[in-house]
Amino acid sequence: MNRSGSPIDVQQGLEKLAMYPHHVLTWVDEAGYPVSVAVVATVDADGGGATFGAPAGLSVPSDRDVSLTGSHIRPQPGYGYDERRHVTVWGRTSAAADGATRLRGFHAWGWDEAEVPFFEYSERSVGQSRRYFDALSAERGTPVKPRLAAGWLALRATRLPFLSATIVPVLIGIAIAATHGFFDPLTAVLTIIGASLVQLGLNVANDVFDASLGADDANVTPTQFSGGSRVIQYGLLSRGQMATLAIAFYLAAAAIGLVLLGLRGSTALLVIGVLGFIVSIGYTAPPLKLVYRGLGEIAVALGFGPLMLVGAYVVQSRGALAWEPFVASIPVALLVALILYVNEIPDRRGDARAGKRTLPVRLSPAAVIRGYEAAVVLAYASIVAGFGLGVLPLPALAVLLTIPLAREVRQGLRPNYDNPYGLMAVMGRNIKVHAYAGLLLLAAYAVVLVAQALAPSIDLFLG
Amino acid sequence: MGTLPEPVERLLDAALVGELSVVNATGRPITYPLIPLYDGERIYLTSSVLFSRKLEHLKRDGRVALSLTDPVAVGGRTDRATIQGDARVIEEDPHGGWERLLPIWERKEPAIVAFLKARVALPLFFERSLIEITPRRALYWPDGQATTAPVVTEVGEAAA
């Protein structure tokens with residue numbers, strides 16, 4: 001069966017039909033109603049048809065299209081059913097030997113969820129839902145659109161759960177500043193809000209530009225973690241509404257940035273802020289379109305690593321720079337870039353069709369997996385090196401506790417590389433690697449703060 | 001009391017899946033497996049807007065047949081039936097209008113309630129129209145074999 005849900009080759013359809021224990025023979029009777037009767041057909045796929053005993057008491061016409069359908073489910077008590085598949089072959093009938101009837105097939109159609117998973121089948125049918133709502137809107141003379149409760153729609157449109165990518169580095173930057181004696185609650189809160197607004201702007205703008213450039217439309221295997229929010233494709237929000245939302249997020253973020261500049265002004269903060277906006281908007285927006293050029297990982301690493309973490313630090317330090325926040329941002333940057341990197345794997349076919357040349361589009365599966373391994377090793381090595389050089393504190397080594405989780409991700413990549421839905425669990429674990437590593441780094445600085453308060457004589461840094 | 005012969009009603013109540021056949025613009029029958037929901041008078045099926053081509057056919061020609069043929073889908077019963085009838089599409093509220101049938105649907109597919117709670121994950125699947133079939137004629141095969149002629153009941157006769 002082809003993957004589009006469109007008509008399939010007749011011989012293929014007949015081969016599939018042969019696998020069903022009985023068949024539903026259907027035709028349209030003289031009164032214009034369909035008639036169906038269960039028969040057991042002998043299928044001759046090579047011969048292009050099927051033969052069955054003429055049903056008693058009913059007259060199968062030979063002057064119009066007749067179909068044979070096979071349908072299968074497996075009941076699952078307490079749940080419903082699974083293993084859905086069906087196939088229909090249409091043809092014309094004629095009399096065969098021994099009073100039997102022969103159908104010569106000329107058209108076939110069907111679906112097997114073992115071949116095209118339900119989520120992909122649904123995604124491939126989104127165009128049909130658009131046609132449905134367009135027709136209903138025309139019929140009623142007023143727009144009819146699909147709906148989602150406001151809270152769910154906001155969650156989906158902004159991809160709110162991904163905010164951990166911002167909150168983790170910002171909190172680490174604030175914590176490091178606190179260990180250096182800088183802490184201002186008001187600007188700390190404003191930093192978290194402002195940085196979150198930048199990410200929300202990025203998330204929404206990303207959908208706007210991916211819709212404009214065709215990448216999300218070309219993707220028929222989106223998952224919980226990849227393929228964008230789909231609110232534009234599903235007709236839940238228009239591109240204009242999403243663009244307005246993105247602009248609102250960026251404007252709010254810019255306003256908070258200006259307040260922070262006013263309160264804690266420094267050249268470093270200005271440079272970081274401007275760079276942050278450029279990277280965020282340029283991630284998918286023309287002319288930069290960084291992710292379309294295979295530079296998405298670098299943009300994400302820069303934006304959600306040093307820019308967020310060092311930026312949060314300099315807000316607190318009033319512009320004073322230090323090596324420690326920069327070094328601490330390296331593992332965070334690498335692990336957040338790996339979220340994008342892995343999430344791009346299931347999107348790669350659609351991305352390639354839309355000219356979005358991400359790394360998984362450009363590289364072989366083996367090279368992508370080697371790239372994952374290399375980046376993970378570098379992330380953990382940066383922690384060890386940071387400690388060895390006396391830049392990071394001893395408790396930061398706790399980040400190494402996430403190595404087994406990262407190993408699980410690496411082990412899951414190869415067997416699920418071509419299975420977007422199998423890859424979902426791997427993507428989920430990969431997000432946890434970043435979140436847990438970040439939280440452990442944050443906890444490490446909490447330990448440093450406690451140690452500074454309770455036992456200032458204990459030095460948690462080498463050298 | 002229902003409008004259909006009792007054995008056919010029992011099949012309808014048991015069936016996890018039936019085969020809905022509609023007629024397309026060229027006069028060709030098209031068959032879709034769907035969950036039949038019977039309220040004792042009319043048969044209901046629901047269709048997601050994602051798979052709404054059948055609704056286009058139905059709006060143009062409401063003559064349909066629903067067959068119950070798969071012993072696996074009817075709890076091992078070997079009798080079979082086909083119900084011919086007139087269908088209309090109910091789509092005043094695709095977002096929630098179909099939910100009135102949720103209790104009958106849940107009895108056949110308990111997982112649907114959990115899926116509905118996670119509506120955010122697949123919003124278009126739960127934008128649905130109802131197909132309401134008023135039965136006209138029932139063909140019933142007590143032994144399930146097409147080699148014997150079906151017992152044919154005009155629904156008006158059964159209800160009388």
# chains A, B, ... in the order shown; residues from 1 in each chain; ligands from 1
$ residues_around --residues "range 5-20 of chain B" --least-positions-apart "4" --cutoff "7 Å" --atoms "only C-alpha atoms" --output "PyMOL selection string"
chain B and resi 31-36+38+65-68+73-75+81+108+158
$ residues_around --residues "Arg88 in chain B" --least-positions-apart "4" --cutoff "12 Å" --atoms "only C-alpha atoms" --output "number ranges by chain"
B: 22, 42-46, 54-64, 129-135
$ atom_distance --atom1 "CA of Leu68 in chain A" --atom2 "CA of Thr78 in chain B"
19.6 Å
$ closest_atom_pairs --of "chain A" --to "chain B" --cutoff "8 Å" --atoms "only C-alpha atoms" --output "JSON lines"
{"residue": "A:His22", "atom": "CA", "partner": "B:Asp70", "partner_atom": "CA", "distance": 8.0}
{"residue": "A:Val24", "atom": "CA", "partner": "B:Thr69", "partner_atom": "CA", "distance": 7.5}
{"residue": "A:Thr26", "atom": "CA", "partner": "B:Pro29", "partner_atom": "CA", "distance": 6.7}
{"residue": "A:Trp27", "atom": "CA", "partner": "B:Pro29", "partner_atom": "CA", "distance": 6.0}
{"residue": "A:Val28", "atom": "CA", "partner": "B:Pro29", "partner_atom": "CA", "distance": 6.4}
{"residue": "A:Gly32", "atom": "CA", "partner": "B:Arg63", "partner_atom": "CA", "distance": 6.9}
{"residue": "A:Tyr33", "atom": "CA", "partner": "B:Arg63", "partner_atom": "CA", "distance": 5.2}
{"residue": "A:Pro34", "atom": "CA", "partner": "B:Ala65", "partner_atom": "CA", "distance": 5.4}
{"residue": "A:Val35", "atom": "CA", "partner": "B:Ala65", "partner_atom": "CA", "distance": 6.1}
{"residue": "A:Ser36", "atom": "CA", "partner": "B:Ser67", "partner_atom": "CA", "distance": 6.2}
{"residue": "A:Val37", "atom": "CA", "partner": "B:Ala146", "partner_atom": "CA", "distance": 6.8}
{"residue": "A:Ala38", "atom": "CA", "partner": "B:Thr69", "partner_atom": "CA", "distance": 6.1}
{"residue": "A:Val39", "atom": "CA", "partner": "B:Ala146", "partner_atom": "CA", "distance": 6.2}
{"residue": "A:Gly53", "atom": "CA", "partner": "B:Thr147", "partner_atom": "CA", "distance": 7.6}
{"residue": "A:Ala54", "atom": "CA", "partner": "B:Thr147", "partner_atom": "CA", "distance": 7.7}
{"residue": "A:Pro55", "atom": "CA", "partner": "B:Ala146", "partner_atom": "CA", "distance": 4.9}
{"residue": "A:Ala56", "atom": "CA", "partner": "B:Ala149", "partner_atom": "CA", "distance": 4.6}
{"residue": "A:Gly57", "atom": "CA", "partner": "B:Ala149", "partner_atom": "CA", "distance": 4.6}
{"residue": "A:Leu58", "atom": "CA", "partner": "B:Ala149", "partner_atom": "CA", "distance": 7.4}
{"residue": "A:Arg64", "atom": "CA", "partner": "B:Arg28", "partner_atom": "CA", "distance": 7.7}
{"residue": "A:Asp65", "atom": "CA", "partner": "B:Arg28", "partner_atom": "CA", "distance": 5.7}
{"residue": "A:Val66", "atom": "CA", "partner": "B:Pro29", "partner_atom": "CA", "distance": 7.1}
{"residue": "A:Ser67", "atom": "CA", "partner": "B:Pro29", "partner_atom": "CA", "distance": 7.1}
{"residue": "A:Thr69", "atom": "CA", "partner": "B:Thr31", "partner_atom": "CA", "distance": 7.2}
{"residue": "A:Ser71", "atom": "CA", "partner": "B:Pro33", "partner_atom": "CA", "distance": 7.0}
{"residue": "A:His72", "atom": "CA", "partner": "B:Asp70", "partner_atom": "CA", "distance": 8.0}
{"residue": "A:Ile73", "atom": "CA", "partner": "B:Ala73", "partner_atom": "CA", "distance": 7.0}
{"residue": "A:Arg74", "atom": "CA", "partner": "B:Val72", "partner_atom": "CA", "distance": 7.4}
{"residue": "A:Pro75", "atom": "CA", "partner": "B:Ala73", "partner_atom": "CA", "distance": 6.8}
{"residue": "A:Gly78", "atom": "CA", "partner": "B:Pro110", "partner_atom": "CA", "distance": 6.0}
{"residue": "A:Tyr79", "atom": "CA", "partner": "B:Ala111", "partner_atom": "CA", "distance": 4.9}
{"residue": "A:Gly80", "atom": "CA", "partner": "B:Glu109", "partner_atom": "CA", "distance": 3.9}
{"residue": "A:Tyr81", "atom": "CA", "partner": "B:Glu109", "partner_atom": "CA", "distance": 7.2}
{"residue": "A:His86", "atom": "CA", "partner": "B:Pro33", "partner_atom": "CA", "distance": 7.6}
{"residue": "A:Thr88", "atom": "CA", "partner": "B:Thr31", "partner_atom": "CA", "distance": 7.4}
{"residue": "A:Ser122", "atom": "CA", "partner": "B:Leu50", "partner_atom": "CA", "distance": 6.4}
{"residue": "A:Ser125", "atom": "CA", "partner": "B:Leu50", "partner_atom": "CA", "distance": 5.3}
{"residue": "A:Val126", "atom": "CA", "partner": "B:Leu50", "partner_atom": "CA", "distance": 5.7}
{"residue": "A:Gly127", "atom": "CA", "partner": "B:Leu50", "partner_atom": "CA", "distance": 7.7}
{"residue": "A:Gln128", "atom": "CA", "partner": "B:Leu50", "partner_atom": "CA", "distance": 5.7}
{"residue": "A:Ser129", "atom": "CA", "partner": "B:Leu50", "partner_atom": "CA", "distance": 4.6}
{"residue": "A:Tyr132", "atom": "CA", "partner": "B:Val49", "partner_atom": "CA", "distance": 6.4}
{"residue": "A:Pro146", "atom": "CA", "partner": "B:Glu127", "partner_atom": "CA", "distance": 6.5}
{"residue": "A:Arg147", "atom": "CA", "partner": "B:His95", "partner_atom": "CA", "distance": 6.5}
{"residue": "A:Leu148", "atom": "CA", "partner": "B:Pro123", "partner_atom": "CA", "distance": 6.9}
{"residue": "A:Trp152", "atom": "CA", "partner": "B:Val120", "partner_atom": "CA", "distance": 6.0}
{"residue": "A:Leu153", "atom": "CA", "partner": "B:Val120", "partner_atom": "CA", "distance": 7.5}
{"residue": "A:Arg156", "atom": "CA", "partner": "B:Val120", "partner_atom": "CA", "distance": 7.3}
{"residue": "A:Gln224", "atom": "CA", "partner": "B:Ala121", "partner_atom": "CA", "distance": 7.5}
{"residue": "A:Tyr234", "atom": "CA", "partner": "B:Leu124", "partner_atom": "CA", "distance": 7.0}
$ atom_distance --atom1 "CA of Gly227 in chain A" --atom2 "CA of Arg357 in chain A"
14.5 Å
$ select_by_dssp --residues "range 41-263 of chain A" --states "strand (DSSP E)" --output "PDB file with N, CA and C atoms, in the first residue's frame"
ATOM      1  N   THR A  42     -12.429 -16.177  -4.081  1.00  0.00           N
ATOM      2  CA  THR A  42     -11.114 -16.738  -4.405  1.00  0.00           C
ATOM      3  C   THR A  42     -10.398 -15.695  -5.256  1.00  0.00           C
ATOM      4  N   VAL A  43      -9.324 -15.160  -4.688  1.00  0.00           N
ATOM      5  CA  VAL A  43      -8.664 -14.032  -5.342  1.00  0.00           C
ATOM      6  C   VAL A  43      -7.532 -14.531  -6.239  1.00  0.00           C
ATOM      7  N   ASP A  44      -7.501 -14.032  -7.426  1.00  0.00           N
ATOM      8  CA  ASP A  44      -6.408 -14.343  -8.363  1.00  0.00           C
ATOM      9  C   ASP A  44      -5.744 -13.011  -8.708  1.00  0.00           C
ATOM     10  N   GLY A  49      -8.299 -10.445 -10.760  1.00  0.00           N
ATOM     11  CA  GLY A  49      -9.689 -10.489 -10.332  1.00  0.00           C
ATOM     12  C   GLY A  49      -9.942 -11.443  -9.191  1.00  0.00           C
ATOM     13  N   ALA A  50     -11.221 -11.724  -8.963  1.00  0.00           N
ATOM     14  CA  ALA A  50     -11.638 -12.619  -7.895  1.00  0.00           C
ATOM     15  C   ALA A  50     -12.931 -13.306  -8.328  1.00  0.00           C
ATOM     16  N   THR A  51     -13.129 -14.515  -7.802  1.00  0.00           N
ATOM     17  CA  THR A  51     -14.325 -15.276  -8.152  1.00  0.00           C
ATOM     18  C   THR A  51     -15.067 -15.644  -6.877  1.00  0.00           C
ATOM     19  N   PHE A  52     -16.387 -15.590  -6.935  1.00  0.00           N
ATOM     20  CA  PHE A  52     -17.179 -15.928  -5.752  1.00  0.00           C
ATOM     21  C   PHE A  52     -18.514 -16.513  -6.194  1.00  0.00           C
ATOM     22  N   GLY A  53     -19.090 -17.268  -5.269  1.00  0.00           N
ATOM     23  CA  GLY A  53     -20.393 -17.845  -5.564  1.00  0.00           C
ATOM     24  C   GLY A  53     -21.452 -16.754  -5.571  1.00  0.00           C
ATOM     25  N   VAL A  66     -18.955  -2.818  -9.119  1.00  0.00           N
ATOM     26  CA  VAL A  66     -19.194  -3.665  -7.944  1.00  0.00           C
ATOM     27  C   VAL A  66     -17.886  -3.679  -7.150  1.00  0.00           C
ATOM     28  N   SER A  67     -17.972  -3.783  -5.845  1.00  0.00           N
ATOM     29  CA  SER A  67     -16.725  -3.789  -5.063  1.00  0.00           C
ATOM     30  C   SER A  67     -16.652  -4.974  -4.125  1.00  0.00           C
ATOM     31  N   LEU A  68     -15.422  -5.354  -3.824  1.00  0.00           N
ATOM     32  CA  LEU A  68     -15.147  -6.355  -2.795  1.00  0.00           C
ATOM     33  C   LEU A  68     -14.292  -5.673  -1.740  1.00  0.00           C
ATOM     34  N   THR A  69     -14.725  -5.752  -0.491  1.00  0.00           N
ATOM     35  CA  THR A  69     -13.997  -5.085   0.593  1.00  0.00           C
ATOM     36  C   THR A  69     -13.562  -6.108   1.629  1.00  0.00           C
ATOM     37  N   GLY A  70     -12.350  -5.965   2.088  1.00  0.00           N
ATOM     38  CA  GLY A  70     -11.869  -6.726   3.238  1.00  0.00           C
ATOM     39  C   GLY A  70     -11.666  -5.750   4.381  1.00  0.00           C
ATOM     40  N   SER A  71     -12.109  -6.133   5.571  1.00  0.00           N
ATOM     41  CA  SER A  71     -11.983  -5.223   6.709  1.00  0.00           C
ATOM     42  C   SER A  71     -11.565  -6.031   7.923  1.00  0.00           C
ATOM     43  N   HIS A  72     -10.659  -5.472   8.720  1.00  0.00           N
ATOM     44  CA  HIS A  72     -10.144  -6.219   9.875  1.00  0.00           C
ATOM     45  C   HIS A  72      -9.936  -5.290  11.063  1.00  0.00           C
ATOM     46  N   ILE A  73     -10.310  -5.771  12.232  1.00  0.00           N
ATOM     47  CA  ILE A  73      -9.898  -5.165  13.496  1.00  0.00           C
ATOM     48  C   ILE A  73      -9.543  -6.293  14.446  1.00  0.00           C
ATOM     49  N   ARG A  74      -8.832  -5.955  15.519  1.00  0.00           N
ATOM     50  CA  ARG A  74      -8.623  -6.929  16.602  1.00  0.00           C
ATOM     51  C   ARG A  74      -9.246  -6.331  17.857  1.00  0.00           C
ATOM     52  N   PRO A  75     -10.328  -6.930  18.361  1.00  0.00           N
ATOM     53  CA  PRO A  75     -10.952  -6.379  19.571  1.00  0.00           C
ATOM     54  C   PRO A  75      -9.993  -6.409  20.748  1.00  0.00           C
ATOM     55  N   GLN A  76     -10.037  -5.362  21.538  1.00  0.00           N
ATOM     56  CA  GLN A  76      -9.239  -5.271  22.762  1.00  0.00           C
ATOM     57  C   GLN A  76     -10.206  -4.935  23.893  1.00  0.00           C
ATOM     58  N   GLY A  80     -11.044  -1.183  23.240  1.00  0.00           N
ATOM     59  CA  GLY A  80     -11.701  -0.919  21.959  1.00  0.00           C
ATOM     60  C   GLY A  80     -11.196  -1.931  20.958  1.00  0.00           C
ATOM     61  N   TYR A  81     -10.343  -1.503  20.077  1.00  0.00           N
ATOM     62  CA  TYR A  81      -9.780  -2.425  19.090  1.00  0.00           C
ATOM     63  C   TYR A  81      -8.535  -1.811  18.488  1.00  0.00           C
ATOM     64  N   ASP A  82      -7.761  -2.659  17.806  1.00  0.00           N
ATOM     65  CA  ASP A  82      -6.566  -2.167  17.102  1.00  0.00           C
ATOM     66  C   ASP A  82      -6.387  -2.995  15.829  1.00  0.00           C
ATOM     67  N   GLU A  83      -5.213  -2.929  15.260  1.00  0.00           N
ATOM     68  CA  GLU A  83      -4.903  -3.645  13.998  1.00  0.00           C
ATOM     69  C   GLU A  83      -5.944  -3.338  12.916  1.00  0.00           C
ATOM     70  N   ARG A  84      -6.205  -2.044  12.735  1.00  0.00           N
ATOM     71  CA  ARG A  84      -7.199  -1.635  11.736  1.00  0.00           C
ATOM     72  C   ARG A  84      -6.606  -1.721  10.324  1.00  0.00           C
ATOM     73  N   ARG A  85      -7.340  -2.337   9.470  1.00  0.00           N
ATOM     74  CA  ARG A  85      -6.951  -2.313   8.050  1.00  0.00           C
ATOM     75  C   ARG A  85      -8.177  -2.638   7.201  1.00  0.00           C
ATOM     76  N   HIS A  86      -8.181  -2.096   6.019  1.00  0.00           N
ATOM     77  CA  HIS A  86      -9.264  -2.422   5.081  1.00  0.00           C
ATOM     78  C   HIS A  86      -8.771  -2.175   3.670  1.00  0.00           C
ATOM     79  N   VAL A  87      -9.375  -2.861   2.755  1.00  0.00           N
ATOM     80  CA  VAL A  87      -9.032  -2.656   1.348  1.00  0.00           C
ATOM     81  C   VAL A  87     -10.290  -2.916   0.518  1.00  0.00           C
ATOM     82  N   THR A  88     -10.448  -2.129  -0.519  1.00  0.00           N
ATOM     83  CA  THR A  88     -11.582  -2.326  -1.440  1.00  0.00           C
ATOM     84  C   THR A  88     -11.049  -2.394  -2.871  1.00  0.00           C
ATOM     85  N   VAL A  89     -11.545  -3.357  -3.613  1.00  0.00           N
ATOM     86  CA  VAL A  89     -11.219  -3.462  -5.047  1.00  0.00           C
ATOM     87  C   VAL A  89     -12.530  -3.346  -5.819  1.00  0.00           C
ATOM     88  N   TRP A  90     -12.555  -2.431  -6.772  1.00  0.00           N
ATOM     89  CA  TRP A  90     -13.740  -2.250  -7.614  1.00  0.00           C
ATOM     90  C   TRP A  90     -13.529  -2.939  -8.955  1.00  0.00           C
ATOM     91  N   GLY A  91     -14.601  -3.355  -9.551  1.00  0.00           N
ATOM     92  CA  GLY A  91     -14.493  -3.965 -10.875  1.00  0.00           C
ATOM     93  C   GLY A  91     -15.873  -4.203 -11.454  1.00  0.00           C
ATOM     94  N   ARG A  92     -15.879  -4.931 -12.549  1.00  0.00           N
ATOM     95  CA  ARG A  92     -17.123  -5.336 -13.197  1.00  0.00           C
ATOM     96  C   ARG A  92     -17.223  -6.857 -13.136  1.00  0.00           C
ATOM     97  N   THR A  93     -18.437  -7.350 -13.027  1.00  0.00           N
ATOM     98  CA  THR A  93     -18.612  -8.793 -12.893  1.00  0.00           C
ATOM     99  C   THR A  93     -19.056  -9.424 -14.206  1.00  0.00           C
ATOM    100  N   SER A  94     -18.781 -10.719 -14.281  1.00  0.00           N
ATOM    101  CA  SER A  94     -19.251 -11.509 -15.413  1.00  0.00           C
ATOM    102  C   SER A  94     -19.469 -12.933 -14.914  1.00  0.00           C
ATOM    103  N   ALA A  95     -20.204 -13.704 -15.670  1.00  0.00           N
ATOM    104  CA  ALA A  95     -20.456 -15.087 -15.269  1.00  0.00           C
ATOM    105  C   ALA A  95     -19.197 -15.914 -15.462  1.00  0.00           C
ATOM    106  N   ALA A 100     -20.493 -19.531 -10.907  1.00  0.00           N
ATOM    107  CA  ALA A 100     -19.831 -18.526 -10.073  1.00  0.00           C
ATOM    108  C   ALA A 100     -19.819 -17.174 -10.789  1.00  0.00           C
ATOM    109  N   THR A 101     -19.437 -16.151 -10.039  1.00  0.00           N
ATOM    110  CA  THR A 101     -19.341 -14.801 -10.610  1.00  0.00           C
ATOM    111  C   THR A 101     -17.897 -14.346 -10.500  1.00  0.00           C
ATOM    112  N   ARG A 102     -17.400 -13.721 -11.556  1.00  0.00           N
ATOM    113  CA  ARG A 102     -16.011 -13.252 -11.540  1.00  0.00           C
ATOM    114  C   ARG A 102     -16.010 -11.726 -11.573  1.00  0.00           C
ATOM    115  N   LEU A 103     -15.204 -11.146 -10.706  1.00  0.00           N
ATOM    116  CA  LEU A 103     -15.017  -9.687 -10.717  1.00  0.00           C
ATOM    117  C   LEU A 103     -13.632  -9.391 -11.276  1.00  0.00           C
ATOM    118  N   ARG A 104     -13.592  -8.552 -12.300  1.00  0.00           N
ATOM    119  CA  ARG A 104     -12.303  -8.133 -12.856  1.00  0.00           C
ATOM    120  C   ARG A 104     -11.998  -6.741 -12.277  1.00  0.00           C
ATOM    121  N   GLY A 105     -10.942  -6.646 -11.476  1.00  0.00           N
ATOM    122  CA  GLY A 105     -10.658  -5.402 -10.755  1.00  0.00           C
ATOM    123  C   GLY A 105     -10.038  -4.328 -11.640  1.00  0.00           C
ATOM    124  N   PHE A 106     -10.408  -3.083 -11.379  1.00  0.00           N
ATOM    125  CA  PHE A 106      -9.749  -1.986 -12.120  1.00  0.00           C
ATOM    126  C   PHE A 106      -9.372  -0.823 -11.217  1.00  0.00           C
ATOM    127  N   HIS A 107      -9.697  -0.917  -9.946  1.00  0.00           N
ATOM    128  CA  HIS A 107      -9.377   0.206  -9.054  1.00  0.00           C
ATOM    129  C   HIS A 107      -9.331  -0.332  -7.629  1.00  0.00           C
ATOM    130  N   ALA A 108      -8.437   0.185  -6.817  1.00  0.00           N
ATOM    131  CA  ALA A 108      -8.348  -0.297  -5.432  1.00  0.00           C
ATOM    132  C   ALA A 108      -7.962   0.844  -4.507  1.00  0.00           C
ATOM    133  N   TRP A 109      -8.338   0.706  -3.266  1.00  0.00           N
ATOM    134  CA  TRP A 109      -8.064   1.733  -2.260  1.00  0.00           C
ATOM    135  C   TRP A 109      -8.079   1.080  -0.894  1.00  0.00           C
ATOM    136  N   GLY A 110      -7.295   1.568   0.028  1.00  0.00           N
ATOM    137  CA  GLY A 110      -7.342   0.992   1.366  1.00  0.00           C
ATOM    138  C   GLY A 110      -6.353   1.639   2.309  1.00  0.00           C
ATOM    139  N   TRP A 111      -6.355   1.147   3.519  1.00  0.00           N
ATOM    140  CA  TRP A 111      -5.449   1.655   4.550  1.00  0.00           C
ATOM    141  C   TRP A 111      -5.116   0.527   5.509  1.00  0.00           C
ATOM    142  N   ASP A 112      -3.873   0.480   5.944  1.00  0.00           N
ATOM    143  CA  ASP A 112      -3.427  -0.497   6.926  1.00  0.00           C
ATOM    144  C   ASP A 112      -2.576   0.266   7.930  1.00  0.00           C
TER     145      ASP A 112
END
$ atom_distance --atom1 "CA of Ala322 in chain A" --atom2 "CA of Leu338 in chain A"
25.7 Å
$ closest_residue --among "A:Ala135, A:Ala215, A:Leu171, A:Ala385" --to "Arg349 in chain A" --atoms "only C-alpha atoms"
A:Ala215
$ closest_residue --among "A:Ile330, A:Leu251, A:Val409, A:Leu245" --to "Ala157 in chain A" --atoms "only C-alpha atoms"
A:Leu245
$ select_by_dssp --residues "range 2-144 of chain B" --states "helix (DSSP H, G or I)" --output "PyMOL selection string"
chain B and resi 6-14+49-51+53-60+71-74+97-108+111-117+119-121+123-126
$ write_last_selection --atoms "C-alpha atoms" --output "tab-separated table (two decimals), in the first residue's frame"
chain	number	residue	atom	x	y	z
B	6	GLU	CA	-34.38	-8.12	17.04
B	7	PRO	CA	-31.42	-10.23	15.80
B	8	VAL	CA	-30.29	-7.31	13.67
B	9	GLU	CA	-30.54	-5.00	16.67
B	10	ARG	CA	-28.44	-7.41	18.69
B	11	LEU	CA	-25.83	-7.43	15.94
B	12	LEU	CA	-25.85	-3.63	15.89
B	13	ASP	CA	-25.40	-3.48	19.64
B	14	ALA	CA	-22.52	-5.94	19.52
B	49	VAL	CA	-13.52	16.03	9.39
B	50	LEU	CA	-10.16	14.48	8.51
B	51	PHE	CA	-11.95	11.62	6.79
B	53	ARG	CA	-15.05	12.54	1.93
B	54	LYS	CA	-17.88	10.16	2.82
B	55	LEU	CA	-19.88	13.15	4.06
B	56	GLU	CA	-19.56	14.79	0.65
B	57	HIS	CA	-21.01	11.64	-0.93
B	58	LEU	CA	-23.77	11.47	1.67
B	59	LYS	CA	-24.83	15.07	1.23
B	60	ARG	CA	-25.21	14.41	-2.48
B	71	PRO	CA	-17.72	-12.40	13.35
B	72	VAL	CA	-14.62	-11.05	15.10
B	73	ALA	CA	-16.17	-7.57	15.33
B	74	VAL	CA	-19.52	-8.83	16.69
B	97	GLY	CA	-22.45	18.07	18.75
B	98	TRP	CA	-21.36	14.46	18.33
B	99	GLU	CA	-20.53	14.11	22.02
B	100	ARG	CA	-24.15	13.25	22.82
B	101	LEU	CA	-23.34	9.81	21.42
B	102	LEU	CA	-20.26	9.42	23.58
B	103	PRO	CA	-21.95	7.10	26.13
B	104	ILE	CA	-22.89	4.60	23.38
B	105	TRP	CA	-19.47	5.00	21.75
B	106	GLU	CA	-17.69	4.49	25.06
B	107	ARG	CA	-19.49	1.18	25.63
B	108	LYS	CA	-17.89	-0.11	22.44
B	111	ALA	CA	-10.49	4.27	25.25
B	112	ILE	CA	-12.30	7.05	23.38
B	113	VAL	CA	-12.91	8.96	26.61
B	114	ALA	CA	-9.20	9.04	27.43
B	115	PHE	CA	-8.43	10.10	23.85
B	116	LEU	CA	-10.97	12.89	24.10
B	117	LYS	CA	-9.31	14.19	27.27
B	119	ARG	CA	-7.98	16.38	22.51
B	120	VAL	CA	-5.14	18.90	22.29
B	121	ALA	CA	-2.93	16.20	20.78
B	123	PRO	CA	-7.73	18.32	17.63
B	124	LEU	CA	-9.05	17.65	14.14
B	125	PHE	CA	-9.88	14.03	14.93
B	126	PHE	CA	-12.46	15.30	17.41
$ closest_atom_pairs --of "range 65-182 of chain A" --to "range 219-223 of chain A" --cutoff "8 Å" --atoms "only C-alpha atoms" --output "CSV"
residue,atom,partner,partner_atom,distance
A:Phe119,CA,A:Thr221,CA,7.4
A:Glu120,CA,A:Thr221,CA,5.3
A:Glu123,CA,A:Val220,CA,5.4
A:Arg124,CA,A:Val220,CA,5.9
$ write_last_selection --atoms "N, CA and C atoms" --output "mmCIF file, in the first residue's frame"
data_model
loop_
_atom_site.group_PDB
_atom_site.id
_atom_site.type_symbol
_atom_site.label_atom_id
_atom_site.label_comp_id
_atom_site.auth_asym_id
_atom_site.auth_seq_id
_atom_site.Cartn_x
_atom_site.Cartn_y
_atom_site.Cartn_z
ATOM 1 N N PHE A 119 -1.532 8.284 13.095
ATOM 2 C CA PHE A 119 -1.195 9.715 13.190
ATOM 3 C C PHE A 119 -0.726 10.255 11.841
ATOM 4 N N GLU A 120 0.038 9.444 11.130
ATOM 5 C CA GLU A 120 0.488 9.888 9.802
ATOM 6 C C GLU A 120 -0.703 9.939 8.834
ATOM 7 N N GLU A 123 -2.547 13.001 9.532
ATOM 8 C CA GLU A 123 -1.823 14.189 9.066
ATOM 9 C C GLU A 123 -1.942 14.337 7.555
ATOM 10 N N ARG A 124 -1.913 13.212 6.865
ATOM 11 C CA ARG A 124 -2.050 13.253 5.405
ATOM 12 C C ARG A 124 -3.471 13.664 4.994
#
$ residues_around --residues "Leu460 in chain A" --least-positions-apart "3" --cutoff "9 Å" --atoms "only C-alpha atoms" --output "PDB file with C-alpha atoms, in the first residue's frame"
ATOM      1  CA  LEU A 392      33.197  25.050  37.924  1.00  0.00           C
ATOM      2  CA  PRO A 393      32.476  23.808  41.455  1.00  0.00           C
ATOM      3  CA  LEU A 394      32.783  20.215  42.590  1.00  0.00           C
ATOM      4  CA  PRO A 395      28.980  19.652  42.833  1.00  0.00           C
ATOM      5  CA  VAL A 448      27.751  26.421  46.631  1.00  0.00           C
ATOM      6  CA  ALA A 451      28.311  26.212  51.609  1.00  0.00           C
TER       7      ALA A 451
END
